Amino acid sequence: MRRREFMSLVGAAAAFPVLVRAQDRAPFVGVLTGNVAGDPGAQMRVDAFQQGLTDRGWIANQNYRLEVRWPGPSPARQQLEALELIAAGPDVLLSTSTGTTRTLRDATQRIPIVFVGLSDPVGTGLVANLARPTGNLTGFSLYEHSMSGKWLGLLKDMVPGMSHAALLFNPESSPYAPFYLQAAHQMENRLGLKVTGASVRSGAEIAAAIETATRDGGGLVVLPDGGFFGTQSAMTIALLAQRRVPAIFAVRFYAVNGGLMSYGADLTQQFRDGAGYVDRVLRGAEIRSLPVQFATRFELVINMKTADALGLTVPGRLLMDAELIE
């Protein structure tokens, strides 16, 4: 073997240790989402994850294999897809919701799991130590449960006369909802709001929750969700506009697509960050050496067309802080 060829092989071994360890195959990255494949926002985020790997030198179907599973919010379907994915022997797994993270954790204690977009992984019992995770999972969290107070406060600022608000969630795909609701109740007196929970499992139940808000003259906080709301968002946003119900979302995507307002961290960026952790695991990093990280930058987005249609005047303090969608 010539020296140049030998040095090329040495360089490849340094760059891609998992590839060299396996020798007979390229590294395998498995993704278990809480969404369905037809959810455009979810597809955009998975694309961002794949691009994040590409930016770090991992080219799908060239030097690594990528398999994405889209079971949606059904826990039973998530469990089935998780078992099939794990049986295929991935080197590292990416999970995109509390439900899929819990399912993967229960199915394997050996394969490293990187999660993104979670709500308070300590509060939900997924990790015990943020700085040095003790199990086989770590990753990135978007929200602590106290965020429900912030969402309610922003909605009250937008609609000062509002006296009722409901937190909208699917209990199957948002098992953390009781924590948000508990934190929201602690803000009732301060905000002058009566807060309730709106537990929904179908489009018909979402419509019923909106009708209740219409009757009460209230608003809605749509909690971050593990996949259910994405498939219902177009119908929900249209019905909110029709029934003139103000609502705030946790994800920018919904405000851009007709929702009144959103406040939250950049979920798409967390998928890029997740690619960074997956890259480090593929290059030999121990999963326990990667701390859980929380989002630190949040953005307020207001859809001005929707505000005008609802007859709302956006307060100056919100105009100064928000990205305005015309």
# chains A, B, ... in the order shown; residues from 1 in each chain; ligands from 1
$ residues_around --residues "segment 280-290 of chain A" --least-positions-apart "2" --cutoff "12 Å" --atoms "only C-alpha atoms" --output "PyMOL selection string"
chain A and resi 12-22+26-29+53+56-58+63-65+90-94+109-115+127-140+273-278+292-293
$ select_by_dssp --residues "segment 22-87 of chain A" --states "helix (DSSP H, G or I)" --output "NGL selection string"
:A and (22 or 40-55 or 75-87)
$ atom_distance --atom1 "atom CA of Leu300 of chain A" --atom2 "atom CA of Asp321 of chain A"
6.8 Å
$ closest_atom_pairs --of "segment 116-141 of chain A" --to "segment 96-103 of chain A" --cutoff "9 Å" --atoms "only C-alpha atoms" --output "JSON lines"
{"residue": "A:Val116", "atom": "CA", "partner": "A:Thr96", "partner_atom": "CA", "distance": 5.2}
{"residue": "A:Gly117", "atom": "CA", "partner": "A:Thr96", "partner_atom": "CA", "distance": 6.0}
{"residue": "A:Leu118", "atom": "CA", "partner": "A:Ser97", "partner_atom": "CA", "distance": 5.7}
{"residue": "A:Ser119", "atom": "CA", "partner": "A:Thr98", "partner_atom": "CA", "distance": 7.2}
{"residue": "A:Pro121", "atom": "CA", "partner": "A:Thr98", "partner_atom": "CA", "distance": 7.8}
{"residue": "A:Thr124", "atom": "CA", "partner": "A:Thr98", "partner_atom": "CA", "distance": 8.1}
{"residue": "A:Leu126", "atom": "CA", "partner": "A:Arg102", "partner_atom": "CA", "distance": 7.0}
{"residue": "A:Leu137", "atom": "CA", "partner": "A:Thr101", "partner_atom": "CA", "distance": 8.5}
$ closest_residue --among "A:Asp106, A:Asp39, A:Glu81, A:Glu188" --to "Gln232 of chain A" --atoms "only C-alpha atoms"
A:Asp39
$ select_by_dssp --residues "segment 277-321 of chain A" --states "strand (DSSP E)" --output "number ranges by chain"
A: 293-294, 298-303
$ residues_around --residues "Leu167 of chain A" --least-positions-apart "5" --cutoff "10 Å" --atoms "only C-alpha atoms" --output "list in words"
Ser148, Trp151, Leu152, Ala177, Pro178, Tyr180, Leu181, Ala184, Val195, Thr196, Gly197, Ala198, Ser199, Ala209, Gly219, Leu220, Val221, Val222, Leu223, Ala247 and Ile248 of chain A
$ write_last_selection --atoms "N, CA, C and O atoms" --output "PDB file, in the first residue's frame"
ATOM      1  N   SER A 148     -46.128  28.328  31.067  1.00  0.00           N
ATOM      2  CA  SER A 148     -47.563  28.556  30.865  1.00  0.00           C
ATOM      3  C   SER A 148     -47.979  29.918  31.403  1.00  0.00           C
ATOM      4  O   SER A 148     -48.876  30.570  30.846  1.00  0.00           O
ATOM      5  N   TRP A 151     -47.136  32.465  28.688  1.00  0.00           N
ATOM      6  CA  TRP A 151     -48.113  32.441  27.587  1.00  0.00           C
ATOM      7  C   TRP A 151     -49.412  33.130  27.987  1.00  0.00           C
ATOM      8  O   TRP A 151     -49.971  33.918  27.222  1.00  0.00           O
ATOM      9  N   LEU A 152     -49.886  32.840  29.193  1.00  0.00           N
ATOM     10  CA  LEU A 152     -51.117  33.477  29.656  1.00  0.00           C
ATOM     11  C   LEU A 152     -50.943  34.987  29.772  1.00  0.00           C
ATOM     12  O   LEU A 152     -51.845  35.761  29.413  1.00  0.00           O
ATOM     13  N   ALA A 177     -48.803  17.872  30.410  1.00  0.00           N
ATOM     14  CA  ALA A 177     -49.787  18.956  30.508  1.00  0.00           C
ATOM     15  C   ALA A 177     -50.189  19.281  31.943  1.00  0.00           C
ATOM     16  O   ALA A 177     -50.365  20.470  32.270  1.00  0.00           O
ATOM     17  N   PRO A 178     -50.362  18.296  32.847  1.00  0.00           N
ATOM     18  CA  PRO A 178     -50.742  18.660  34.226  1.00  0.00           C
ATOM     19  C   PRO A 178     -49.751  19.595  34.910  1.00  0.00           C
ATOM     20  O   PRO A 178     -50.148  20.430  35.737  1.00  0.00           O
ATOM     21  N   TYR A 180     -47.955  21.973  33.374  1.00  0.00           N
ATOM     22  CA  TYR A 180     -48.253  23.306  32.842  1.00  0.00           C
ATOM     23  C   TYR A 180     -49.520  23.882  33.476  1.00  0.00           C
ATOM     24  O   TYR A 180     -49.590  25.072  33.794  1.00  0.00           O
ATOM     25  N   LEU A 181     -50.538  23.040  33.640  1.00  0.00           N
ATOM     26  CA  LEU A 181     -51.798  23.511  34.194  1.00  0.00           C
ATOM     27  C   LEU A 181     -51.621  23.934  35.648  1.00  0.00           C
ATOM     28  O   LEU A 181     -52.170  24.954  36.085  1.00  0.00           O
ATOM     29  N   ALA A 184     -50.045  27.245  35.618  1.00  0.00           N
ATOM     30  CA  ALA A 184     -50.998  28.254  35.154  1.00  0.00           C
ATOM     31  C   ALA A 184     -51.949  28.680  36.262  1.00  0.00           C
ATOM     32  O   ALA A 184     -52.266  29.871  36.405  1.00  0.00           O
ATOM     33  N   VAL A 195     -58.522  29.933  34.842  1.00  0.00           N
ATOM     34  CA  VAL A 195     -57.816  29.033  33.929  1.00  0.00           C
ATOM     35  C   VAL A 195     -58.353  27.617  34.080  1.00  0.00           C
ATOM     36  O   VAL A 195     -58.528  27.115  35.200  1.00  0.00           O
ATOM     37  N   THR A 196     -58.615  26.977  32.955  1.00  0.00           N
ATOM     38  CA  THR A 196     -59.060  25.587  32.942  1.00  0.00           C
ATOM     39  C   THR A 196     -58.209  24.797  31.959  1.00  0.00           C
ATOM     40  O   THR A 196     -57.479  25.368  31.142  1.00  0.00           O
ATOM     41  N   GLY A 197     -58.322  23.488  32.033  1.00  0.00           N
ATOM     42  CA  GLY A 197     -57.676  22.620  31.066  1.00  0.00           C
ATOM     43  C   GLY A 197     -58.687  22.134  30.041  1.00  0.00           C
ATOM     44  O   GLY A 197     -59.831  21.826  30.391  1.00  0.00           O
ATOM     45  N   ALA A 198     -58.284  22.077  28.790  1.00  0.00           N
ATOM     46  CA  ALA A 198     -59.138  21.566  27.716  1.00  0.00           C
ATOM     47  C   ALA A 198     -58.465  20.334  27.132  1.00  0.00           C
ATOM     48  O   ALA A 198     -57.574  20.437  26.282  1.00  0.00           O
ATOM     49  N   SER A 199     -58.870  19.176  27.622  1.00  0.00           N
ATOM     50  CA  SER A 199     -58.286  17.913  27.179  1.00  0.00           C
ATOM     51  C   SER A 199     -59.015  17.437  25.925  1.00  0.00           C
ATOM     52  O   SER A 199     -60.237  17.248  25.938  1.00  0.00           O
ATOM     53  N   ALA A 209     -63.914  22.698  22.293  1.00  0.00           N
ATOM     54  CA  ALA A 209     -63.165  23.591  23.179  1.00  0.00           C
ATOM     55  C   ALA A 209     -63.192  25.022  22.669  1.00  0.00           C
ATOM     56  O   ALA A 209     -63.297  25.978  23.455  1.00  0.00           O
ATOM     57  N   GLY A 219     -59.882  32.817  25.853  1.00  0.00           N
ATOM     58  CA  GLY A 219     -58.820  32.541  24.891  1.00  0.00           C
ATOM     59  C   GLY A 219     -58.234  31.169  25.150  1.00  0.00           C
ATOM     60  O   GLY A 219     -58.583  30.495  26.124  1.00  0.00           O
ATOM     61  N   LEU A 220     -57.308  30.776  24.280  1.00  0.00           N
ATOM     62  CA  LEU A 220     -56.698  29.459  24.373  1.00  0.00           C
ATOM     63  C   LEU A 220     -55.174  29.565  24.358  1.00  0.00           C
ATOM     64  O   LEU A 220     -54.608  30.387  23.630  1.00  0.00           O
ATOM     65  N   VAL A 221     -54.550  28.722  25.156  1.00  0.00           N
ATOM     66  CA  VAL A 221     -53.112  28.482  25.073  1.00  0.00           C
ATOM     67  C   VAL A 221     -52.948  27.068  24.525  1.00  0.00           C
ATOM     68  O   VAL A 221     -53.378  26.101  25.154  1.00  0.00           O
ATOM     69  N   VAL A 222     -52.377  26.945  23.340  1.00  0.00           N
ATOM     70  CA  VAL A 222     -52.160  25.629  22.740  1.00  0.00           C
ATOM     71  C   VAL A 222     -50.794  25.142  23.191  1.00  0.00           C
ATOM     72  O   VAL A 222     -49.757  25.674  22.792  1.00  0.00           O
ATOM     73  N   LEU A 223     -50.793  24.145  24.061  1.00  0.00           N
ATOM     74  CA  LEU A 223     -49.539  23.674  24.640  1.00  0.00           C
ATOM     75  C   LEU A 223     -48.658  22.999  23.591  1.00  0.00           C
ATOM     76  O   LEU A 223     -49.162  22.454  22.598  1.00  0.00           O
ATOM     77  N   ALA A 247     -55.743  33.088  20.508  1.00  0.00           N
ATOM     78  CA  ALA A 247     -54.967  31.940  20.984  1.00  0.00           C
ATOM     79  C   ALA A 247     -53.482  32.231  20.832  1.00  0.00           C
ATOM     80  O   ALA A 247     -53.058  32.957  19.928  1.00  0.00           O
ATOM     81  N   ILE A 248     -52.705  31.644  21.722  1.00  0.00           N
ATOM     82  CA  ILE A 248     -51.251  31.741  21.643  1.00  0.00           C
ATOM     83  C   ILE A 248     -50.685  30.330  21.539  1.00  0.00           C
ATOM     84  O   ILE A 248     -51.205  29.392  22.157  1.00  0.00           O
TER      85      ILE A 248
END
$ atom_distance --atom1 "atom CA of Asp120 of chain A" --atom2 "atom CA of Leu142 of chain A"
7.6 Å
